[in-house]
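Novice: One file: work_18.txt (compact mmCIF, C-alpha atoms).
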```txt
# COMPACT_ATOMS: atom_id res chain seq x y z
CA MET W 1 37.47 96.88 174.43
CA SER W 2 41.28 96.75 174.30
CA SER W 3 43.37 99.81 175.02
CA ALA W 4 46.01 101.28 172.72
CA LYS W 5 48.66 99.75 174.97
CA ASP W 6 47.10 96.30 174.60
CA ARG W 7 46.93 96.67 170.82
CA ARG W 8 50.59 97.68 170.65
CA LYS W 9 51.52 94.66 172.73
CA MET W 10 49.47 92.39 170.47
CA ASN W 11 51.10 93.88 167.36
CA GLN W 12 54.56 93.43 168.85
CA GLU W 13 53.83 89.81 169.73
CA ALA W 14 52.46 89.19 166.23
CA GLU W 15 55.57 90.73 164.67
CA GLN W 16 57.85 88.66 166.90
CA GLU W 17 55.98 85.51 165.89
CA ARG W 18 56.27 86.44 162.22
CA GLN W 19 60.01 86.98 162.58
CA ARG W 20 60.39 83.70 164.45
CA ARG W 21 58.62 81.76 161.70
CA GLU W 22 60.61 83.51 159.01
CA ARG W 23 63.84 82.69 160.83
CA GLU W 24 62.82 79.03 161.16
CA ARG W 25 61.97 78.82 157.46
CA ARG W 26 65.31 80.38 156.54
CA GLU W 27 67.26 78.06 158.84
CA PHE W 28 65.37 75.03 157.50
CA LYS W 29 66.12 76.06 153.91
CA GLU W 30 69.80 76.62 154.73
CA ALA W 31 70.01 73.20 156.40
CA GLN W 32 68.45 71.54 153.36
CA GLU W 33 70.87 73.32 151.05
CA LEU W 34 73.87 72.27 153.14
CA GLU W 35 72.68 68.65 153.15
CA SER W 36 72.28 68.73 149.36
CA LEU W 37 75.78 70.18 149.10
CA ARG W 38 77.17 67.36 151.26
CA ARG W 39 75.45 64.78 149.05
CA ALA W 40 76.95 66.34 145.94
CA PHE W 41 80.43 66.25 147.49
CA LYS W 42 80.02 62.64 148.56
CA ARG W 43 78.77 61.71 145.09
CA MET W 44 81.81 63.25 143.42
CA ASP W 45 84.25 61.84 145.99
CA LYS W 46 84.44 58.44 144.30
CA LYS W 47 87.47 57.33 146.33
CA GLY W 48 85.92 58.35 149.62
CA ASP W 49 89.08 60.11 150.78
CA GLY W 50 87.45 63.46 151.46
CA LYS W 51 88.95 65.14 148.41
CA LEU W 52 87.96 65.67 144.78
CA ASP W 53 90.69 65.22 142.22
CA VAL W 54 90.84 65.59 138.44
CA ASP W 55 90.01 61.94 137.76
CA GLU W 56 86.90 62.07 139.94
CA LEU W 57 85.72 65.28 138.28
CA GLN W 58 86.19 63.82 134.82
CA GLU W 59 84.34 60.66 135.82
CA GLU W 60 81.34 62.66 137.04
CA LEU W 61 81.32 64.83 133.94
CA GLU W 62 81.44 61.75 131.72
CA PHE W 63 78.42 60.39 133.59
CA LEU W 64 76.68 63.68 132.78
CA SER W 65 77.63 63.20 129.10
CA TYR W 66 79.82 66.28 129.30
CA LYS W 67 83.35 65.16 128.58
CA VAL W 68 86.21 67.62 128.95
CA LYS W 69 89.92 67.30 128.26
CA ARG W 70 92.14 66.61 131.23
CA ALA W 71 93.72 70.06 130.96
CA GLU W 72 90.30 71.69 131.35
CA ALA W 73 89.43 69.46 134.31
CA GLU W 74 92.74 70.43 135.92
CA LEU W 75 91.86 74.10 135.44
CA ILE W 76 88.44 73.62 137.05
CA ILE W 77 90.09 72.09 140.12
CA TRP W 78 92.87 74.70 140.19
CA GLU W 79 90.38 77.59 140.21
CA VAL W 80 89.11 76.63 143.68
CA ASP W 81 92.10 74.73 145.09
CA ASP W 82 93.09 77.25 147.75
CA ASP W 83 95.93 75.21 149.25
CA ALA W 84 97.30 74.13 145.84
CA ASP W 85 97.42 70.41 146.64
CA GLY W 86 95.76 69.43 143.36
CA CYS W 87 92.47 68.50 145.04
CA VAL W 88 89.38 70.16 146.45
CA ASP W 89 88.56 69.18 150.02
CA TRP W 90 85.23 69.70 151.79
CA GLU W 91 86.12 73.13 153.20
CA GLU W 92 87.29 74.40 149.81
CA PHE W 93 84.21 72.86 148.20
CA ARG W 94 81.82 74.46 150.68
CA THR W 95 83.58 77.83 150.56
CA MET W 96 83.50 77.81 146.77
CA PHE W 97 79.78 77.11 146.68
CA TYR W 98 78.70 79.88 149.03
CA ARG W 99 81.17 82.40 147.60
CA ILE W 100 79.90 81.92 144.06
CA ARG W 101 76.26 81.57 145.08
CA ASP W 102 76.43 85.01 146.67
CA ASP W 103 78.65 86.59 143.99
CA THR W 104 77.13 89.61 142.27
CA SER W 105 80.19 90.67 140.28
CA GLY W 106 80.15 87.82 137.78
CA CYS W 107 83.93 87.52 138.16
CA GLU W 108 84.10 84.31 140.17
CA PRO W 109 84.93 81.11 138.21
CA ARG W 110 81.69 79.13 137.94
CA LYS W 111 82.66 75.88 136.22
CA LEU W 112 82.80 73.67 139.31
CA PHE W 113 79.87 75.56 140.83
CA ASN W 114 77.73 74.71 137.79
CA VAL W 115 78.50 71.01 138.19
CA VAL W 116 77.77 71.08 141.91
CA GLU W 117 74.54 73.03 141.57
CA PHE W 118 73.31 70.61 138.92
CA LEU W 119 74.13 67.58 141.07
CA MET W 120 72.32 69.14 144.03
CA HIS W 121 69.14 69.13 141.93
CA ASP W 122 69.73 65.70 140.37
CA LYS W 123 67.68 63.95 143.01
CA ASN W 124 67.30 60.71 141.04
CA TYR W 125 71.04 60.38 140.32
CA ASN W 126 70.29 59.90 136.63
CA GLY W 127 72.16 62.88 135.18
CA LEU W 128 68.98 64.91 134.64
CA ILE W 129 67.14 67.58 136.60
CA ASP W 130 63.55 68.75 136.46
CA LEU W 131 63.10 71.39 133.76
CA ASP W 132 60.61 73.45 135.77
CA GLU W 133 62.96 73.45 138.75
CA CYS W 134 65.84 74.57 136.55
CA VAL W 135 63.79 77.38 135.01
CA THR W 136 62.61 78.57 138.44
CA LEU W 137 66.21 78.62 139.68
CA PHE W 138 67.44 80.68 136.73
CA HIS W 139 64.42 83.01 136.75
CA ALA W 140 65.32 84.06 140.29
CA ARG W 141 68.93 84.65 139.30
CA TYR W 142 68.73 86.13 135.80
CA GLY W 143 65.12 87.13 135.18
CA ARG W 144 62.55 85.54 132.90
CA GLU W 145 63.28 86.96 129.45
CA ALA W 146 66.75 85.64 128.72
CA VAL W 147 66.11 82.29 130.44
CA ASP W 148 62.85 81.62 128.60
CA GLU W 149 64.39 82.67 125.31
CA LYS W 150 67.21 80.14 125.57
CA VAL W 151 65.04 77.36 126.99
CA ASN W 152 62.57 77.76 124.13
CA GLU W 153 65.45 77.62 121.67
CA LEU W 154 66.85 74.41 123.15
CA ILE W 155 63.59 72.67 123.97
CA SER W 156 60.52 72.96 121.74
CA ASN W 157 57.01 72.37 122.99
CA GLU W 158 56.77 69.35 120.71
CA ASP W 159 59.61 67.65 122.57
CA ASN W 160 57.45 67.53 125.70
CA GLU W 161 60.62 67.30 127.78
CA LYS W 162 60.27 67.31 131.55
CA ASN W 163 63.98 67.18 132.33
CA ILE W 164 67.14 68.95 131.22
CA THR W 165 70.68 67.66 130.70
CA PHE W 166 73.79 69.22 132.19
CA ALA W 167 74.96 70.44 128.76
CA LYS W 168 71.71 72.38 128.24
CA PHE W 169 71.79 73.58 131.86
CA VAL W 170 75.20 75.14 131.19
CA GLU W 171 74.04 76.66 127.90
CA VAL W 172 71.08 78.37 129.54
CA GLN W 173 73.24 79.64 132.41
CA LYS W 174 75.91 81.08 130.11
CA TYR W 175 73.39 82.73 127.80
CA ALA W 176 71.33 84.25 130.61
CA ALA W 177 74.43 85.50 132.46
CA LYS W 178 75.72 87.16 129.30
CA ARG W 179 72.36 88.78 128.61
CA GLN W 180 72.15 90.00 132.19
CA SER W 181 75.51 91.71 131.90
CA GLY W 182 74.29 93.60 128.83
CA SER W 183 77.40 93.87 126.71
CA GLY W 184 78.79 90.59 127.96
CA LEU W 185 81.84 92.32 129.44
CA LYS W 186 83.03 91.47 132.89
CA PRO W 187 82.74 94.24 135.48
CA GLY W 188 85.71 96.61 135.16
CA ALA W 189 86.53 95.61 131.59
CA THR W 190 86.34 98.00 128.67
CA MET W 191 86.24 97.42 124.94
CA VAL W 192 89.17 99.03 123.16
CA PRO W 193 90.41 98.76 119.55
CA GLN W 194 93.68 96.98 118.89
CA VAL W 195 96.38 98.66 116.89
CA LYS W 196 96.92 98.18 113.17
CA GLY W 197 93.23 97.64 112.43
CA MET W 198 92.95 94.41 114.39
CA ALA W 199 89.65 93.24 115.87
CA TYR W 200 88.24 94.62 119.12
CA VAL W 201 89.37 92.96 122.30
CA VAL W 202 88.21 92.99 125.89
CA ASP W 203 91.17 94.16 127.93
CA PRO W 204 90.87 96.36 131.03
CA THR W 205 94.67 96.72 131.28
CA LEU W 206 95.48 97.66 127.68
CA SER W 207 98.23 95.04 127.92
CA HIS W 208 98.00 94.34 124.19
CA LEU W 209 99.38 97.85 123.58
CA LEU W 210 102.41 97.39 125.85
```
Using structure tokens, write down the structure from this file.

Specialist:
Amino acid sequence: MSSAKDRRKMNQEAEQERQRRERERREFKEAQELESLRRAFKRMDKKGDGKLDVDELQEELEFLSYKVKRAEAELIIWEVDDDADGCVDWEEFRTMFYRIRDDTSGCEPRKLFNVVEFLMHDKNYNGLIDLDECVTLFHARYGREAVDEKVNELISNEDNEKNITFAKFVEVQKYAAKRQSGSGLKPGATMVPQVKGMAYVVDPTLSHLL
């Protein structure tokens, strides 16, 4: 019959083993995510020069059937172009992904992140991702109600769709994020009436009154 000391030792060893396995699973998941991120960067880097420019972004978005004007593509690049050279290199790309992935404020610009996250799940390189995988991803981030509501609106049971396009991916993300924030206001913003009976505006600085 084991003593109390032996049982404590066994419990400690069991806990250490549990922590070790948990750490290994976490490290394996992080390594997989980083590899997927590298693949997405390489896929977008059409010229192979280690940088993403406006033309390359537009080309990828056109492949995803999500065309944007050049001015919008320039804005997407500018939002994460820390050294202002007109391109996004690997370090900026990687920093952007982890910063926005871990963002809880909702204030970080997500346009490039949305493209990258979609490409990381587009394992067949066909511009589509698995619908169940998409729903699971958004459930973890936004909860079930808002996600399921928008998915059911976009995709009926009769469609029997197994995949989702980038356009619908973005729609679900925007809708769920807005529902999660309640009023749809960004953190720190307040809703105030404009002067002279004009419509309500979202303006935390009251600049429209200055």

Novice: Identify the residues within 9 Å of coordinate (69.6, 76.6, 128.5) (same frame as the file), considering all atoms listed in the file, and give the answer as a short mmCIF file (atom, residue, chain, number, x, y, z; two decimals) with C-alpha atoms, keeping the file's coordinate frame.

Specialist:
```cif
data_model
loop_
_atom_site.label_atom_id
_atom_site.label_comp_id
_atom_site.auth_asym_id
_atom_site.auth_seq_id
_atom_site.Cartn_x
_atom_site.Cartn_y
_atom_site.Cartn_z
CA VAL W 135 63.79 77.38 135.01
CA VAL W 147 66.11 82.29 130.44
CA ASP W 148 62.85 81.62 128.60
CA GLU W 149 64.39 82.67 125.31
CA LYS W 150 67.21 80.14 125.57
CA VAL W 151 65.04 77.36 126.99
CA ASN W 152 62.57 77.76 124.13
CA GLU W 153 65.45 77.62 121.67
CA LEU W 154 66.85 74.41 123.15
CA ILE W 155 63.59 72.67 123.97
CA ILE W 164 67.14 68.95 131.22
CA ALA W 167 74.96 70.44 128.76
CA LYS W 168 71.71 72.38 128.24
CA PHE W 169 71.79 73.58 131.86
CA VAL W 170 75.20 75.14 131.19
CA GLU W 171 74.04 76.66 127.90
CA VAL W 172 71.08 78.37 129.54
CA GLN W 173 73.24 79.64 132.41
CA LYS W 174 75.91 81.08 130.11
CA TYR W 175 73.39 82.73 127.80
CA ALA W 176 71.33 84.25 130.61
#
```

Novice: Need to verify the contact set: Ile76 (chain W), 10 Å, all atoms listed in the file, exclusion of same-chain residues closer than 4 positions in sequence. Can you return it as a list in words?

Specialist: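 Using all atoms listed in the file, the neighbours found are Val54, Leu57, Arg70, Ala71, Glu72, Val80, Asp81, Pro109, Arg110, Lys111, Leu112 and Phe113 of chain W.
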
Novice: Give the answer as one residue: which of W:Val88, W:Val116, W:Met10, W:Met96 has the shortest atom-to-atom distance to Arg43 (chain W), using only C-alpha atoms?

Specialist: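 For Arg43 (chain W), the nearest of the candidates is W:Val116.
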
Novice: Have a look at W:Asp6, W:Val115, W:Thr95, W:Phe138 and name the one nearest to Glu62 (chain W); count only C-alpha atoms.

Specialist: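 Counting only C-alpha atoms, the residue closest to Glu62 (chain W) is W:Val115.
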
Novice: Record the distance separating CA of Cys87 (chain W) and CA of Tyr66 (chain W), expressed in Å with one decimal.

Specialist: 20.3 Å

Novice: From the set W:Leu52, W:Ala73, W:Leu64, W:Met120, which residue has the shortest atom-to-atom contact distance to Trp90 (chain W), counting only C-alpha atoms?

Specialist: W:Leu52

Novice: For CA of Gly106 (chain W) and CA of Arg94 (chain W), quote the distance in Å rounded to one decimal.

Specialist: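 About the pair CA of Gly106 (chain W) and CA of Arg94 (chain W): they are 18.6 Å apart.
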
Novice: Can you work out the spacing between CA of Tyr142 (chain W) and CA of Arg101 (chain W) in Å, to one decimal?

Specialist: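 Taking CA of Tyr142 (chain W) as the start and CA of Arg101 (chain W) as the end point, the length is 12.8 Å.
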
Novice: Can you tell me, as a ChimeraX atom specification, what residues are no more than 12 Å from Ser36 (chain W) when counting only C-alpha atoms, ignoring any on the same chain fewer than 6 positions away?

Specialist: /W:29-30,42-43,94,97,116-123

Novice: Keeping only C-alpha atoms, take the residues you just selected and write them out as a CSV table (one decimal), keeping the file's coordinate frame.

Specialist:
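This went into out12.csv:
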```csv
chain,number,residue,atom,x,y,z
W,29,LYS,CA,66.1,76.1,153.9
W,30,GLU,CA,69.8,76.6,154.7
W,42,LYS,CA,80.0,62.6,148.6
W,43,ARG,CA,78.8,61.7,145.1
W,94,ARG,CA,81.8,74.5,150.7
W,97,PHE,CA,79.8,77.1,146.7
W,116,VAL,CA,77.8,71.1,141.9
W,117,GLU,CA,74.5,73.0,141.6
W,118,PHE,CA,73.3,70.6,138.9
W,119,LEU,CA,74.1,67.6,141.1
W,120,MET,CA,72.3,69.1,144.0
W,121,HIS,CA,69.1,69.1,141.9
W,122,ASP,CA,69.7,65.7,140.4
W,123,LYS,CA,67.7,64.0,143.0
```

Novice: Of the candidates W:Phe93, W:Ser3, W:Arg25, W:Glu15, which one gets nearest to Leu37 (chain W) if we count all atoms listed in the file?

Specialist: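 Ranking W:Phe93, W:Ser3, W:Arg25, W:Glu15 by distance to Leu37 (chain W), first place goes to W:Phe93.
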
Novice: Between W:Arg38, W:Arg18, W:Lys67, W:Lys47, which residue has the minimum interatomic distance to Glu91 (chain W), considering only C-alpha atoms?

Specialist: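 Of the candidates, the smallest distance to Glu91 (chain W) is held by W:Arg38.
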